[in-house]
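**Q** One structure follows; several queries about it will come next.
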Amino acid sequence: MTKQIIIAGSGFAGLWAALSAARAVSLAGKGDEVAITIISPTPNLVIRPRLYEAVLENMAPDISALLTAVGVTHLAGLVESIDADAKQLGVTLADGGQRTLSYDRFVLATGSRLFSPDIPGLKQHAFNVDTLDGAQVLNTHLKALATRPDSPARNTVVVAGGGFTGLETATEMPSRLRAILGDQANVRTIIVDTAREIGSEFGVGPLPVIREALDEVGVETRAGLRVTAVRPDGVTLSNGEHILAHTVIWTAGMRAHPLAAQVPGEHDNLGRVVGDPFLRAPGTDGIFVTGDTVKAVTDDIGNFAPMTCQHGLSLGRVAGHNAAAELVGLPIHPYSHPKYVTCLDLGPWGALYTEGWDRQVRYTREEGKKIKQEINTIWIYPPAPDRDAVFAVANPDYVIVP
């Protein structure tokens with residue numbers, strides 16, 4: 001009887017889990033004994049790290065040909081439930097139908113979602129760049145601002161959240177607004193965060209660089225504060241300040257996909273399953289967790305993989321390989337990703353490239369921007385549908401870093 005590997009999610013971790021599993025099955029010469037299925041609404045990889053950009057073309061490349069080339073089946077739908085004891089999944093198909101699928105190995109790669117706390121008006125009035133639909137709605141809204149009368153609220157964008165996404169979104173915004181409203185418009189972009197200083201979470205080395213970039217591109221800061229209410233005309237902050245703004249973008253925090261809660265075992269404060277060194281869910285048999293759904297030790301000194309596509313690519317390869325390896329008799333591979341780099345886009349100023357968990361600054365401005373553009377347009381995109389070329393880079397110890 002054919003053994004079944006089912007992967008939920010076609011994001012960075014899910015795609016590379018499928019490719020790595022297919023490679024392992026091929027290496028073992030057991031392609032006729034193991035079937036690999038990836039389940040997601042459409043056969044696309046959303047390039048989520050780029051959704052802060054103004055141009056949203058080619059942000060969801062089709063991976064159908066790639067999956068076909070390596071012998072992976074795509075099923076259009078969503079995994080809604082996990083019965084770990086019975087090794088069964090409840091799936092809602094894209095056409096509305098329901099199916100129950102049995103698995104021998106299941107890989108949870110459904111990613112993460114933007115955290116939306118219970119702030120008055122947040123869900124009704126704020127925008128996001130968390131999903132492609134959300135980014136497109138924001139883009140349409142921004143372009144429509146040009147049809148409104150000139151006013152402080154029209155000309156102002158508030159970005160709530162000073163992390164990676166918030167900084168990249170905010171530093172793009174002044175030039176993006178001027179392109180829409182005209183160079184003479186008195187545009188304002190304000191970034192709000194609870195940190196003592198915007199960018200301080202990046203460490204002492206990057207902080208002055210981030211401060212310089214924010215000043216140069218024209219982003220105002222509100223540090224040590226939080227948004228307490230969102231209305232159509234702006235936001236109220238925890239110090240009582242009300243900022244007039246027709247555009248509020250929420251970027252503050254991520255949580256693992258809710259499906260992770262159905263996996264038995266320990267979970268962290270972000271909802272991630274605490275995985276073992278091989279990315280298995282220790283509380284059950286046959287389930288692997290990867291990408292943003294797993295809390296995994298990434299090196300020998302106790303660092304954990306953050307929710308980034310950089311780690312998602314590696315986590316996916318390891319989880320997919322191990323899920324297949326257990327079925328076809330190959331050695332399983334421990335997850336390890338000791339080298340950590342970041343490349344933060346800071347708009348027209350350039351980009352900040354760091355190395356190490358202490359984020360030592362290596363490149364800034366145009367040098368950093370060139371690396372960021374290569375990451376965004378080449379490294380994180382799916383490979384061409386060439387089976388041999390894909391398998392050459394789908395091994396579990398392959399890591400893409402500059």
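Please note that chains go A, B, ... in the order of the structure tokens, that every chain numbers its residues from 1, and that ligands are numbered from 1 in the order shown.
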Contacts of segment 316-330 of chain A at 7 Å or less, counting only C-alpha atoms, minus same-chain residues fewer than 3 places along, as a list of chain:residue names?
**A**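 The residues that qualify are A:Ala13, A:Gly14, A:Trp16, A:Ala17, A:Ala18, A:Ser20, A:Ala21, A:Ala24, A:Val25, A:Ala28, A:Lys30, A:Arg105, A:Leu279, A:Phe288, A:Val289, A:Thr290, A:Gly291, A:Gly312, A:Leu313, A:His333, A:Tyr335, A:Ala394, A:Asn395, A:Pro396.
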**Q** Segment 150-154 of chain A: which residues within 10 Å, counting only C-alpha atoms, same-chain residues fewer than 6 positions away excluded, as a compact mmCIF listing (two decimals) with C-alpha atoms, in the first residue's frame?
**A**
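The result, written out as around-v1.txt:
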```txt
# COMPACT_ATOMS: atom_id res chain seq x y z
CA LEU A 142 -3.14 54.66 -0.93
CA LEU A 177 3.09 58.89 -0.60
CA LEU A 181 0.17 62.84 -3.78
CA ALA A 185 2.43 67.32 -0.45
CA ASN A 186 3.25 67.70 3.23
CA VAL A 187 3.41 63.98 3.90
CA ARG A 188 4.03 62.42 7.31
CA PRO A 232 -11.31 56.30 10.41
CA ASP A 233 -9.57 59.62 11.04
CA GLY A 234 -6.54 58.33 12.97
CA ILE A 243 -2.81 61.51 15.41
CA LEU A 244 -4.95 62.41 12.41
CA ALA A 245 -4.40 59.80 9.72
CA HIS A 246 -6.55 58.14 7.09
CA THR A 247 -4.01 55.31 6.86
```
**Q** Skipping near chain neighbours, those fewer than 6 positions away, what residues fall within 12 Å of Val297 of chain A using only C-alpha atoms, listed as a tab-separated table (two decimals) with all heavy atoms, in the first residue's frame?
**A**
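The result, stored in around.tsv:
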```tsv
chain	number	residue	atom	x	y	z
A	274	VAL	N	6.80	23.07	20.28
A	274	VAL	CA	8.21	22.89	20.62
A	274	VAL	C	8.66	21.56	20.02
A	274	VAL	O	8.27	20.49	20.48
A	274	VAL	CB	8.41	22.92	22.15
A	274	VAL	CG1	9.89	22.71	22.48
A	274	VAL	CG2	7.91	24.25	22.72
A	275	GLY	N	9.46	21.66	18.96
A	275	GLY	CA	9.87	20.46	18.24
A	275	GLY	C	11.12	19.83	18.82
A	275	GLY	O	11.87	20.46	19.58
A	276	ASP	N	11.37	18.57	18.45
A	276	ASP	CA	12.61	17.92	18.85
A	276	ASP	C	13.70	18.28	17.84
A	276	ASP	O	13.46	19.04	16.89
A	276	ASP	CB	12.41	16.41	19.02
A	276	ASP	CG	12.32	15.65	17.71
A	276	ASP	OD1	12.45	16.26	16.61
A	276	ASP	OD2	12.11	14.41	17.75
A	277	PRO	N	14.93	17.79	18.00
A	277	PRO	CA	16.00	18.19	17.08
A	277	PRO	C	15.76	17.82	15.62
A	277	PRO	O	16.40	18.37	14.72
A	277	PRO	CB	17.23	17.45	17.64
A	277	PRO	CG	16.93	17.28	19.10
A	277	PRO	CD	15.46	17.03	19.15
A	278	PHE	N	14.83	16.90	15.39
A	278	PHE	CA	14.54	16.47	14.02
A	278	PHE	C	13.23	17.07	13.51
A	278	PHE	O	12.73	16.67	12.47
A	278	PHE	CB	14.50	14.94	13.96
A	278	PHE	CG	15.79	14.31	14.44
A	278	PHE	CD1	15.90	13.86	15.75
A	278	PHE	CD2	16.90	14.22	13.60
A	278	PHE	CE1	17.09	13.31	16.21
A	278	PHE	CE2	18.09	13.67	14.06
A	278	PHE	CZ	18.18	13.20	15.36
A	279	LEU	N	12.70	18.03	14.27
A	279	LEU	CA	11.47	18.76	13.94
A	279	LEU	C	10.23	17.89	14.03
A	279	LEU	O	9.21	18.18	13.40
A	279	LEU	CB	11.57	19.45	12.56
A	279	LEU	CG	12.77	20.37	12.38
A	279	LEU	CD1	12.70	21.09	11.04
A	279	LEU	CD2	12.86	21.39	13.52
A	290	THR	N	7.21	22.67	11.18
A	290	THR	CA	8.27	23.40	10.50
A	290	THR	C	7.87	24.84	10.23
A	290	THR	O	6.71	25.22	10.40
A	290	THR	CB	8.65	22.67	9.19
A	290	THR	OG1	9.86	23.23	8.67
A	290	THR	CG2	7.56	22.78	8.14
A	303	ASN	N	20.18	29.23	20.72
A	303	ASN	CA	19.31	30.17	20.00
A	303	ASN	C	18.18	29.39	19.34
A	303	ASN	O	18.34	28.24	18.94
A	303	ASN	CB	20.11	30.93	18.95
A	303	ASN	CG	21.06	31.92	19.56
A	303	ASN	OD1	20.66	32.78	20.34
A	303	ASN	ND2	22.34	31.82	19.22
A	304	PHE	N	17.04	30.06	19.20
A	304	PHE	CA	15.88	29.45	18.56
A	304	PHE	C	15.60	30.16	17.23
A	304	PHE	O	15.80	31.37	17.10
A	304	PHE	CB	14.65	29.55	19.46
A	304	PHE	CG	14.73	28.67	20.67
A	304	PHE	CD1	15.26	29.16	21.86
A	304	PHE	CD2	14.29	27.36	20.63
A	304	PHE	CE1	15.35	28.35	22.99
A	304	PHE	CE2	14.37	26.54	21.75
A	304	PHE	CZ	14.90	27.03	22.93
A	305	ALA	N	15.13	29.39	16.27
A	305	ALA	CA	14.82	29.95	14.95
A	305	ALA	C	13.68	30.95	15.07
A	305	ALA	O	12.61	30.62	15.57
A	305	ALA	CB	14.44	28.83	13.99
A	306	PRO	N	13.88	32.18	14.60
A	306	PRO	CA	12.79	33.15	14.60
A	306	PRO	C	11.86	32.91	13.42
A	306	PRO	O	12.12	32.08	12.56
A	306	PRO	CB	13.53	34.49	14.46
A	306	PRO	CG	14.77	34.15	13.70
A	306	PRO	CD	15.15	32.76	14.11
A	311	HIS	N	14.94	31.18	7.91
A	311	HIS	CA	14.90	29.93	8.66
A	311	HIS	C	13.83	29.00	8.13
A	311	HIS	O	13.98	27.77	8.20
A	311	HIS	CB	14.69	30.23	10.15
A	311	HIS	CG	15.87	30.86	10.79
A	311	HIS	ND1	16.09	32.22	10.76
A	311	HIS	CD2	16.94	30.33	11.43
A	311	HIS	CE1	17.22	32.50	11.38
A	311	HIS	NE2	17.76	31.37	11.79
A	315	LEU	N	14.25	25.05	7.71
A	315	LEU	CA	13.35	24.21	8.49
A	315	LEU	C	12.52	23.32	7.58
A	315	LEU	O	12.29	22.14	7.88
A	315	LEU	CB	12.44	25.09	9.35
A	315	LEU	CG	13.10	25.80	10.54
A	315	LEU	CD1	12.22	26.94	11.03
A	315	LEU	CD2	13.35	24.80	11.68
A	334	PRO	N	19.35	16.15	11.88
A	334	PRO	CA	18.98	17.16	12.87
A	334	PRO	C	18.99	18.56	12.25
A	334	PRO	O	19.80	18.86	11.38
A	334	PRO	CB	20.07	17.03	13.94
A	334	PRO	CG	21.25	16.49	13.20
A	334	PRO	CD	20.70	15.59	12.14
A	335	TYR	N	18.07	19.38	12.72
A	335	TYR	CA	18.02	20.77	12.24
A	335	TYR	C	19.17	21.57	12.85
A	335	TYR	O	19.43	21.51	14.06
A	335	TYR	CB	16.70	21.42	12.61
A	335	TYR	CG	16.68	22.90	12.35
A	335	TYR	CD1	16.72	23.40	11.06
A	335	TYR	CD2	16.66	23.81	13.41
A	335	TYR	CE1	16.72	24.77	10.82
A	335	TYR	CE2	16.65	25.18	13.18
A	335	TYR	CZ	16.70	25.65	11.88
A	335	TYR	OH	16.71	27.00	11.64
A	336	SER	N	19.85	22.35	12.02
A	336	SER	CA	20.91	23.25	12.49
A	336	SER	C	21.04	24.40	11.50
A	336	SER	O	21.06	24.19	10.30
A	336	SER	CB	22.24	22.50	12.59
A	336	SER	OG	23.28	23.38	12.99
A	337	HIS	N	21.07	25.61	12.03
A	337	HIS	CA	21.22	26.80	11.19
A	337	HIS	C	22.00	27.83	11.99
A	337	HIS	O	21.47	28.85	12.43
A	337	HIS	CB	19.83	27.33	10.80
A	337	HIS	CG	19.86	28.38	9.74
A	337	HIS	ND1	18.88	28.48	8.77
A	337	HIS	CD2	20.72	29.39	9.49
A	337	HIS	CE1	19.14	29.50	7.98
A	337	HIS	NE2	20.25	30.08	8.40
A	338	PRO	N	23.29	27.55	12.23
A	338	PRO	CA	24.06	28.39	13.16
A	338	PRO	C	24.34	29.80	12.66
A	338	PRO	O	24.49	30.71	13.47
A	338	PRO	CB	25.36	27.61	13.35
A	338	PRO	CG	25.48	26.75	12.13
A	338	PRO	CD	24.07	26.40	11.76
```
**Q** So how many Å separate atom CA of Leu145 of chain A and atom CA of Gly199 of chain A, to one decimal?
**A**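 Calculated distance between atom CA of Leu145 of chain A and atom CA of Gly199 of chain A is 28.9 Å.
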**Q** Which residues, written as a list in words, have at least one atom at most 6 Å from segment 159-163 of chain A, with only C-alpha atoms counted and residues fewer than 2 positions away on the same chain left out?
**A** Thr165, Gly166, Leu167, Ile191, Val192, Asp193, Ile198, Val248, Ile249, Trp250, Thr251 and Ala252 of chain A
**Q** I need the residue nearest Leu132 of chain A from this list: A:Gly31, A:Pro43, A:Gly9, A:Pro49. Use only C-alpha atoms for the distance.
**A**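 Selected residue with least distance to Leu132 of chain A: A:Pro49.
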**Q** I'd like the contact shell of Ala144 of chain A - 10 Å cut-off, only C-alpha atoms, skipping same-chain residues fewer than 4 positions apart - returned as a PyMOL selection string.
**A** chain A and resi 138-140+148+180-181
**Q** Keeping all heavy atoms, export the residues of the selection given above as a PDB file, in the first residue's frame.
**A**
```
ATOM      1  N   LEU A 138      -4.353  47.726   0.769  1.00  0.00           N
ATOM      2  CA  LEU A 138      -3.610  48.921   1.166  1.00  0.00           C
ATOM      3  C   LEU A 138      -3.176  49.722  -0.048  1.00  0.00           C
ATOM      4  O   LEU A 138      -3.305  50.956  -0.075  1.00  0.00           O
ATOM      5  CB  LEU A 138      -2.390  48.528   1.997  1.00  0.00           C
ATOM      6  CG  LEU A 138      -1.405  49.657   2.322  1.00  0.00           C
ATOM      7  CD1 LEU A 138      -2.059  50.730   3.174  1.00  0.00           C
ATOM      8  CD2 LEU A 138      -0.156  49.104   3.011  1.00  0.00           C
ATOM      9  N   ASN A 139      -2.675  49.053  -1.065  1.00  0.00           N
ATOM     10  CA  ASN A 139      -2.199  49.732  -2.268  1.00  0.00           C
ATOM     11  C   ASN A 139      -3.334  50.503  -2.946  1.00  0.00           C
ATOM     12  O   ASN A 139      -3.158  51.656  -3.368  1.00  0.00           O
ATOM     13  CB  ASN A 139      -1.602  48.705  -3.225  1.00  0.00           C
ATOM     14  CG  ASN A 139      -0.767  49.352  -4.315  1.00  0.00           C
ATOM     15  OD1 ASN A 139      -0.021  50.285  -4.076  1.00  0.00           O
ATOM     16  ND2 ASN A 139      -0.922  48.854  -5.531  1.00  0.00           N
ATOM     17  N   THR A 140      -4.490  49.878  -3.038  1.00  0.00           N
ATOM     18  CA  THR A 140      -5.655  50.544  -3.635  1.00  0.00           C
ATOM     19  C   THR A 140      -6.055  51.763  -2.814  1.00  0.00           C
ATOM     20  O   THR A 140      -6.359  52.831  -3.363  1.00  0.00           O
ATOM     21  CB  THR A 140      -6.830  49.556  -3.733  1.00  0.00           C
ATOM     22  OG1 THR A 140      -6.453  48.462  -4.569  1.00  0.00           O
ATOM     23  CG2 THR A 140      -8.063  50.227  -4.313  1.00  0.00           C
ATOM     24  N   ARG A 148      -8.811  62.533  -2.667  1.00  0.00           N
ATOM     25  CA  ARG A 148      -9.372  63.199  -1.496  1.00  0.00           C
ATOM     26  C   ARG A 148      -8.811  64.615  -1.365  1.00  0.00           C
ATOM     27  O   ARG A 148      -7.695  64.892  -1.822  1.00  0.00           O
ATOM     28  CB  ARG A 148      -9.055  62.405  -0.227  1.00  0.00           C
ATOM     29  CG  ARG A 148      -9.619  60.999  -0.207  1.00  0.00           C
ATOM     30  CD  ARG A 148      -9.425  60.370   1.156  1.00  0.00           C
ATOM     31  NE  ARG A 148      -9.878  58.989   1.215  1.00  0.00           N
ATOM     32  CZ  ARG A 148      -9.970  58.267   2.316  1.00  0.00           C
ATOM     33  NH1 ARG A 148      -9.622  58.808   3.489  1.00  0.00           N
ATOM     34  NH2 ARG A 148     -10.399  57.028   2.274  1.00  0.00           N
ATOM     35  N   ILE A 180       2.313  59.363  -5.030  1.00  0.00           N
ATOM     36  CA  ILE A 180       0.864  59.391  -5.221  1.00  0.00           C
ATOM     37  C   ILE A 180       0.298  60.799  -5.098  1.00  0.00           C
ATOM     38  O   ILE A 180      -0.536  61.236  -5.912  1.00  0.00           O
ATOM     39  CB  ILE A 180       0.177  58.461  -4.191  1.00  0.00           C
ATOM     40  CG1 ILE A 180       0.574  57.010  -4.442  1.00  0.00           C
ATOM     41  CG2 ILE A 180      -1.341  58.623  -4.221  1.00  0.00           C
ATOM     42  CD1 ILE A 180       0.191  56.062  -3.319  1.00  0.00           C
ATOM     43  N   LEU A 181       0.755  61.541  -4.107  1.00  0.00           N
ATOM     44  CA  LEU A 181       0.169  62.844  -3.779  1.00  0.00           C
ATOM     45  C   LEU A 181       0.924  64.022  -4.372  1.00  0.00           C
ATOM     46  O   LEU A 181       0.430  65.147  -4.344  1.00  0.00           O
ATOM     47  CB  LEU A 181       0.097  63.008  -2.253  1.00  0.00           C
ATOM     48  CG  LEU A 181      -0.706  61.936  -1.496  1.00  0.00           C
ATOM     49  CD1 LEU A 181      -0.625  62.174   0.009  1.00  0.00           C
ATOM     50  CD2 LEU A 181      -2.155  61.911  -1.960  1.00  0.00           C
TER      51      LEU A 181
END
```
**Q** For His74 of chain A, please output as a list in words all residues within 6 Å (counting only C-alpha atoms; exclusion window: fewer than 4 positions along the same chain).
**A**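 In the requested format, the answer is Thr37, Ile38 and Ile39 of chain A.
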**Q** Please indicate the distance in Å from atom CA of Val393 of chain A to atom CA of Val70 of chain A, rounded to one decimal place.
**A** 12.8 Å
**Q** So what do you get for atom CA of Val227 of chain A versus atom CA of Thr131 of chain A, distance-wise?
**A**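 The value is 21.5 Å.
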**Q** Would you please work out which residue, of A:Gly182, A:Gly205, A:Gly265, A:Gly71, is nearest to Ala35 of chain A when using only C-alpha atoms?
**A**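 So, comparing all the options, the nearest one is A:Gly71.
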**Q** Among segment 232-384 of chain A, which residues carry a DSSP assignment of strand (DSSP E), reported as a ChimeraX atom specification?
**A** /A:234-237,242-244,247-250,254-256,273-274,287-289,294-295,341-345,351-355,360-363
**Q** May I have the selected residues written with C-alpha atoms, as a compact mmCIF listing (two decimals), in the first residue's frame?
**A**
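To be explicit, this is the file written out as again_11.txt:
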```txt
# COMPACT_ATOMS: atom_id res chain seq x y z
CA GLY A 234 -6.54 58.33 12.97
CA VAL A 235 -5.23 56.69 16.12
CA THR A 236 -5.08 57.36 19.82
CA LEU A 237 -1.88 56.46 21.67
CA HIS A 242 -4.43 61.56 18.84
CA ILE A 243 -2.81 61.51 15.41
CA LEU A 244 -4.95 62.41 12.41
CA THR A 247 -4.01 55.31 6.86
CA VAL A 248 -3.06 53.11 9.82
CA ILE A 249 -0.98 50.02 9.12
CA TRP A 250 -0.76 47.32 11.80
CA MET A 254 3.02 37.33 14.76
CA ARG A 255 1.46 34.12 16.05
CA ALA A 256 1.68 30.58 14.75
CA VAL A 273 4.94 23.58 18.79
CA VAL A 274 8.21 22.89 20.62
CA ILE A 287 3.82 14.69 12.79
CA PHE A 288 6.60 17.11 11.84
CA VAL A 289 6.38 20.85 12.52
CA VAL A 294 7.82 25.20 15.28
CA LYS A 295 10.05 26.43 18.07
CA VAL A 341 22.03 37.19 9.09
CA THR A 342 19.50 39.98 8.69
CA CYS A 343 18.96 42.40 5.85
CA LEU A 344 16.61 45.23 6.72
CA ASP A 345 15.27 47.39 3.89
CA ALA A 351 19.46 48.61 3.61
CA LEU A 352 21.17 47.34 6.75
CA TYR A 353 22.90 43.95 6.58
CA THR A 354 24.04 42.28 9.81
CA GLU A 355 25.69 39.02 10.77
CA GLN A 360 27.11 43.03 13.81
CA VAL A 361 26.73 45.65 11.08
CA ARG A 362 28.46 44.54 7.88
CA TYR A 363 26.91 46.55 5.04
```
**Q** Could you pull the residues within 10 Å of Val55 of chain A, counting only C-alpha atoms, minus those fewer than 4 positions along the same chain, as a PDB file with N, CA, C and O atoms, in the first residue's frame?
**A**
```pdb
ATOM      1  N   ARG A  50       8.047  40.554   0.888  1.00  0.00           N
ATOM      2  CA  ARG A  50       8.091  41.724   0.004  1.00  0.00           C
ATOM      3  C   ARG A  50       6.789  42.519  -0.010  1.00  0.00           C
ATOM      4  O   ARG A  50       6.684  43.503  -0.763  1.00  0.00           O
ATOM      5  N   LEU A  51       5.823  42.156   0.782  1.00  0.00           N
ATOM      6  CA  LEU A  51       4.502  42.762   0.652  1.00  0.00           C
ATOM      7  C   LEU A  51       4.443  44.207   1.135  1.00  0.00           C
ATOM      8  O   LEU A  51       3.429  44.872   0.948  1.00  0.00           O
ATOM      9  N   MET A  59       4.240  38.511  -6.917  1.00  0.00           N
ATOM     10  CA  MET A  59       4.367  38.237  -5.486  1.00  0.00           C
ATOM     11  C   MET A  59       3.774  36.883  -5.091  1.00  0.00           C
ATOM     12  O   MET A  59       3.786  36.520  -3.924  1.00  0.00           O
ATOM     13  N   ALA A 135      -2.101  43.509   1.333  1.00  0.00           N
ATOM     14  CA  ALA A 135      -1.210  44.466   0.680  1.00  0.00           C
ATOM     15  C   ALA A 135      -1.886  45.119  -0.511  1.00  0.00           C
ATOM     16  O   ALA A 135      -1.685  46.320  -0.776  1.00  0.00           O
ATOM     17  N   GLN A 136      -2.697  44.371  -1.233  1.00  0.00           N
ATOM     18  CA  GLN A 136      -3.404  44.933  -2.390  1.00  0.00           C
ATOM     19  C   GLN A 136      -4.479  45.914  -1.954  1.00  0.00           C
ATOM     20  O   GLN A 136      -4.675  46.958  -2.591  1.00  0.00           O
ATOM     21  N   ASN A 139      -2.675  49.053  -1.065  1.00  0.00           N
ATOM     22  CA  ASN A 139      -2.199  49.732  -2.268  1.00  0.00           C
ATOM     23  C   ASN A 139      -3.334  50.503  -2.946  1.00  0.00           C
ATOM     24  O   ASN A 139      -3.158  51.656  -3.368  1.00  0.00           O
TER      25      ASN A 139
END
```
**Q** Which is closer to His257 of chain A than all the others in A:Tyr52, A:Phe115, A:Phe202, A:Phe12, using only C-alpha atoms?
**A**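 Using only C-alpha atoms, the shortest distance to His257 of chain A belongs to A:Phe115.
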**Q** Could you tell me which of A:Lys339, A:Arg365, A:Arg211, A:Arg48 comes closest to Met307 of chain A if we count only C-alpha atoms?
**A** A:Arg48
